[in-house]
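Data first, discussion second: the structure below is written as structure tokens.
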Amino acid sequence: MNAPAHQNDASDVILEARGLVQVYGGIRALDGLDLTIKRDAIHCIIGPNGAGKSTLFKMLMGVERPTSGRVLFNGQDVTRLRTFARARLGMAIKFQAMQVFQELTVYQNLFIPLRRNYRPRAIPDQAAQVLAQLHLEGTESQLVGDLSHGQQQWLAIGMSLAAEPTLLLLDEPTAGMSPDETDLTSEIVKSLQHKGVTVVVIEHDMAFIRGLNSPTSVLHYGRLFAHGSFAEIEQNEEVRRIYMGTL
Amino acid sequence: MKTPPSSGAPSSVLDPYLGLLNGPQTMGRGVPFWVGFIAIVTVLALCPEFLRRYDIINFSNFLISGFLALSLSLIWGYCGILSLGQAAFFGIGGYAYGIVALNLLNSHGNTDVAMIAGIIVPMIFAVFIGGIMFYARLRGVYIAILMLVVSLLIGLFMRQTADPSYTMGAAYLGGMNGLRPASADDPLLPSLILGLGKSVVELDGRDASFYYFVLGLLTVTYLGLRCLVNSSYGYILVGCREDPERTETFGYDVRLIQLSVFCLAAGIAGLSGVLYTAWGTYIHPDGFGVGPNILVVIWVAVGGRKDLGTALLGALVLEWVSLRLVSEGEIALLALGSILVVVMLIAPRGLAVTLGEYFNTAETYVMTRFGSRANKVTGSDGK
């Protein structure tokens, strides 16, 4: 189980959010959030709509700057860094909205992130490896628009993986997926842990979260409401009252 | 260099021989396209043999417009940056060429430096204005409007330079009348005079030599840009067009990429201005107005912004149509506007793009029919 910020061995911690505050007009989307993510693990974040989950990811990835607070990646303060600079340090994200390049083929979608780290000659092999990992073999020449919704979600994850991150943020990776596709996504996420990728997942699908069986944080009104293993969270009466009981 | 495979369409047999010239980011990869391309360039090259001098002078102007269309297609079609002020770089290039040429012609005996200045100065200006726009995270319609305003402001300033104090060495800005020599002792605004070592080649805008030079330069520019957009850089441009936020999450500094292509396009537009000034030996502030800026957008939108060739074709055809209509007065711009409206309704991605896709569909249908019949005749299953 992860501990609150400042109480972990620094080498175990890949990401820390310290006192993150984000104010939109009169609304405090994040209200002094502290969060610590351990290296080489899967970490789940749940909470009701409007709890600040997606806002947190935007802060972590640098898409938006926090009103106050700090973000530390591998001990380095990245609060002022732009998204691309954080990506170069090893952070990647799959946003909640489908973010694939619809007018390009599957291979071309992977070409763009892979080109950051590989010469063009090496890209076909690397793309094949990513596609195999996502069970998308044989789709290289297909236009992304011709893929199923689930396949597009996997491709979006694959594009993030193609950038070879050490930390991957997944915002609702199973949204709109069938149960079979959700199971396969769960396997994909678990397999990443063994490849040295720390994965942070925001998800509403409790069966999916239960399947990951990982440390889970509950956000509520922009604050860390509860933290523990999923079993502990599931038994937490307060959490059931504010969130899980409504599902 | 290995490039990504085509977007759904089958690869061409020419791909291994043409490399980046034949990538999937440009329409036309098969033998019919390249035969057609060579035929068009050949016909254009032969034009001076069978057209009147008046027509050749006009054709030179059409080709000069092609550079401007290519520059807008590059930033709008490939990187998603719509600029309603692309003619500003055209005008800046033209003025820079003229000012430097008037000042250096007597001492240098050629316009080499002026030509380079006509390309570099718009690029420097693009770094300045583009840096502000992209690093301020301006997007979409805001960039389009800002660029139009910038162009209009430059035009407004240039119109007010009739006072003799607006003299830069041998060049007098001249207000509404356009750039001219500062005194009777200074040289006139020259056509292109290329100095190669000790030899000098003069290309008069009214001669076929100038036409050949512009045709060659446009062909090289088009082919060069084809290579660029089919390279890795071209794919990153497309990524920035499709979803800049997503592209940034892969580690690309989208602002820098946008700025770089904006500067490149400014240089190409500047080259267009250089050639225009050398062609007519004049440059005046009207080029910064709304009309010229919107005209570029019409050429590219009607042809098809997402392909260099279709944008180029749009410019050449619509310039020709404009010339045909010019005797009717202001109706030319009205007719072009009407063409834009109709095309946007029936073929929003561009007329040439839509026709090209119909051609591809027809070609695939014919090849499938022909191929299947041939297989039946020969008993081949194609393996």
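Letters for chains follow the order of the structure tokens (A, B, ...), residue numbers begin at 1 for each chain, and ligand numbers begin at 1 in the order shown.
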Which range 124-238 of chain A residues have any atom within 10 Å of an atom of range 248-270 of chain B, and for each, what is the nearest pair of atoms with distance in Å to one decimal, counting only C-alpha atoms, rows sorted by chain and number, as a tab-separated table?
residue	atom	partner	partner_atom	distance
A:Met159	CA	B:Phe250	CA	8.3
A:Ser160	CA	B:Phe250	CA	7.1
A:Leu161	CA	B:Phe250	CA	9.5
A:Ala162	CA	B:Phe250	CA	8.5
A:Ala163	CA	B:Phe250	CA	5.8
A:Glu164	CA	B:Phe250	CA	9.3
A:Pro165	CA	B:Phe250	CA	9.4
Who sits within 9 Å of Val130 in chain A, only C-alpha atoms, same chain under 2 positions skipped, as a PDB file with C-alpha atoms, in the first residue's frame:
ATOM      1  CA  LEU A 110       2.491   4.483 -34.395  1.00  0.00           C
ATOM      2  CA  ASP A 125       9.857  -3.832 -36.295  1.00  0.00           C
ATOM      3  CA  GLN A 126       9.064  -1.668 -33.303  1.00  0.00           C
ATOM      4  CA  ALA A 127       5.535  -1.029 -34.566  1.00  0.00           C
ATOM      5  CA  ALA A 128       5.031  -4.770 -35.040  1.00  0.00           C
ATOM      6  CA  ALA A 132       1.534  -7.701 -31.027  1.00  0.00           C
ATOM      7  CA  GLN A 133       1.395  -6.480 -27.443  1.00  0.00           C
ATOM      8  CA  LEU A 134      -2.052  -5.005 -28.146  1.00  0.00           C
ATOM      9  CA  HIS A 135      -3.397  -7.942 -30.172  1.00  0.00           C
ATOM     10  CA  LEU A 136      -3.642  -5.700 -33.230  1.00  0.00           C
ATOM     11  CA  GLU A 137      -1.430  -7.712 -35.572  1.00  0.00           C
ATOM     12  CA  GLY A 158      -0.210   1.605 -28.036  1.00  0.00           C
ATOM     13  CA  MET A 159       0.646   5.090 -29.270  1.00  0.00           C
ATOM     14  CA  LEU A 161       3.514   2.957 -25.208  1.00  0.00           C
ATOM     15  CA  ALA A 162       5.352   3.598 -28.470  1.00  0.00           C
TER      16      ALA A 162
END
Residue with smallest distance to chain A - pool B:Gly28, B:Gly66, B:Gly239, B:Pro285, counting only C-alpha atoms |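 For chain A, the nearest of the candidates is B:Gly239.
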With a distance cut-off of 6 Å and only C-alpha atoms, select the neighbouring residues of Leu192 in chain B, excluding the residue or stretch itself and same-chain residues fewer than 2 positions from it, and output the selection as a list in words.
->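 Counting only the stated atoms, we get Glu202, Leu203 and Ala278 of chain B.
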Dump as a PyMOL selection string the residues of chain A that approach chain B to within 10 Å, counting only C-alpha atoms.
-> chain A and resi 61-63+82-95+99-117+119-124+140-144+146+156+159-165
Long-range neighbours of Tyr243 in chain A as a list in words, 9 Å cut-off, only C-alpha atoms, 6 positions minimum in chain =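 In the requested form, the answer reads Ile46, Gly47, Pro48, Val218 and His220 of chain A.
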Would you save the residues of that selection, restricted to C-alpha atoms, as a tab-separated table (two decimals), in the first residue's frame?
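Resulting contents of again15.tsv:
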chain	number	residue	atom	x	y	z
A	46	ILE	CA	-11.48	6.20	-8.66
A	47	GLY	CA	-14.08	8.68	-7.58
A	48	PRO	CA	-17.40	10.23	-8.50
A	218	VAL	CA	-10.35	7.57	-4.03
A	220	HIS	CA	-13.65	13.29	-3.72
Any idea what's packed within 9 Å of range 176-190 of chain A, counting only C-alpha atoms, ignoring anything in its chain fewer than 3 positions away? Could you give it as a PDB file with C-alpha atoms, in the first residue's frame?
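part00.pdb written:
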ATOM      1  CA  ILE A  42      -0.281  -0.323 -11.143  1.00  0.00           C
ATOM      2  CA  GLN A 133       1.395  -6.480 -27.443  1.00  0.00           C
ATOM      3  CA  LEU A 134      -2.052  -5.005 -28.146  1.00  0.00           C
ATOM      4  CA  HIS A 135      -3.397  -7.942 -30.172  1.00  0.00           C
ATOM      5  CA  HIS A 149     -14.007   1.222 -30.803  1.00  0.00           C
ATOM      6  CA  GLY A 150     -12.077  -1.204 -28.612  1.00  0.00           C
ATOM      7  CA  GLN A 151      -9.287  -1.506 -31.148  1.00  0.00           C
ATOM      8  CA  GLN A 153      -8.722   2.402 -27.543  1.00  0.00           C
ATOM      9  CA  TRP A 154      -5.917  -0.171 -27.678  1.00  0.00           C
ATOM     10  CA  PRO A 173      -9.051   2.944 -20.968  1.00  0.00           C
ATOM     11  CA  GLN A 193       3.914  -3.833 -15.056  1.00  0.00           C
ATOM     12  CA  HIS A 194       6.326  -6.633 -15.908  1.00  0.00           C
ATOM     13  CA  VAL A 199       0.643   2.515 -14.850  1.00  0.00           C
ATOM     14  CA  PHE A 208     -11.881  -3.860 -14.189  1.00  0.00           C
ATOM     15  CA  ILE A 209     -10.356  -2.211 -11.102  1.00  0.00           C
ATOM     16  CA  GLY A 211      -9.276  -7.403 -11.701  1.00  0.00           C
ATOM     17  CA  LEU A 212      -6.170  -5.247 -11.486  1.00  0.00           C
TER      18      LEU A 212
END
Long-range neighbours of Phe59 in chain B as a list in words, 10 Å cut-off, only C-alpha atoms, 6 positions minimum in chain |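 Residues meeting the cut-off are Leu44, Cys47, Pro48, Leu51, Arg53, Ser65, Tyr211, Val214, Leu215, Leu316, Glu319 and Trp320 of chain B.
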Which of these residues is nearest to Val78 in chain A, using only C-alpha atoms: A:Ala97, A:Val239, A:Leu131, A:Leu60?
->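 That would be A:Leu60, the residue with the smallest distance to Val78 in chain A.
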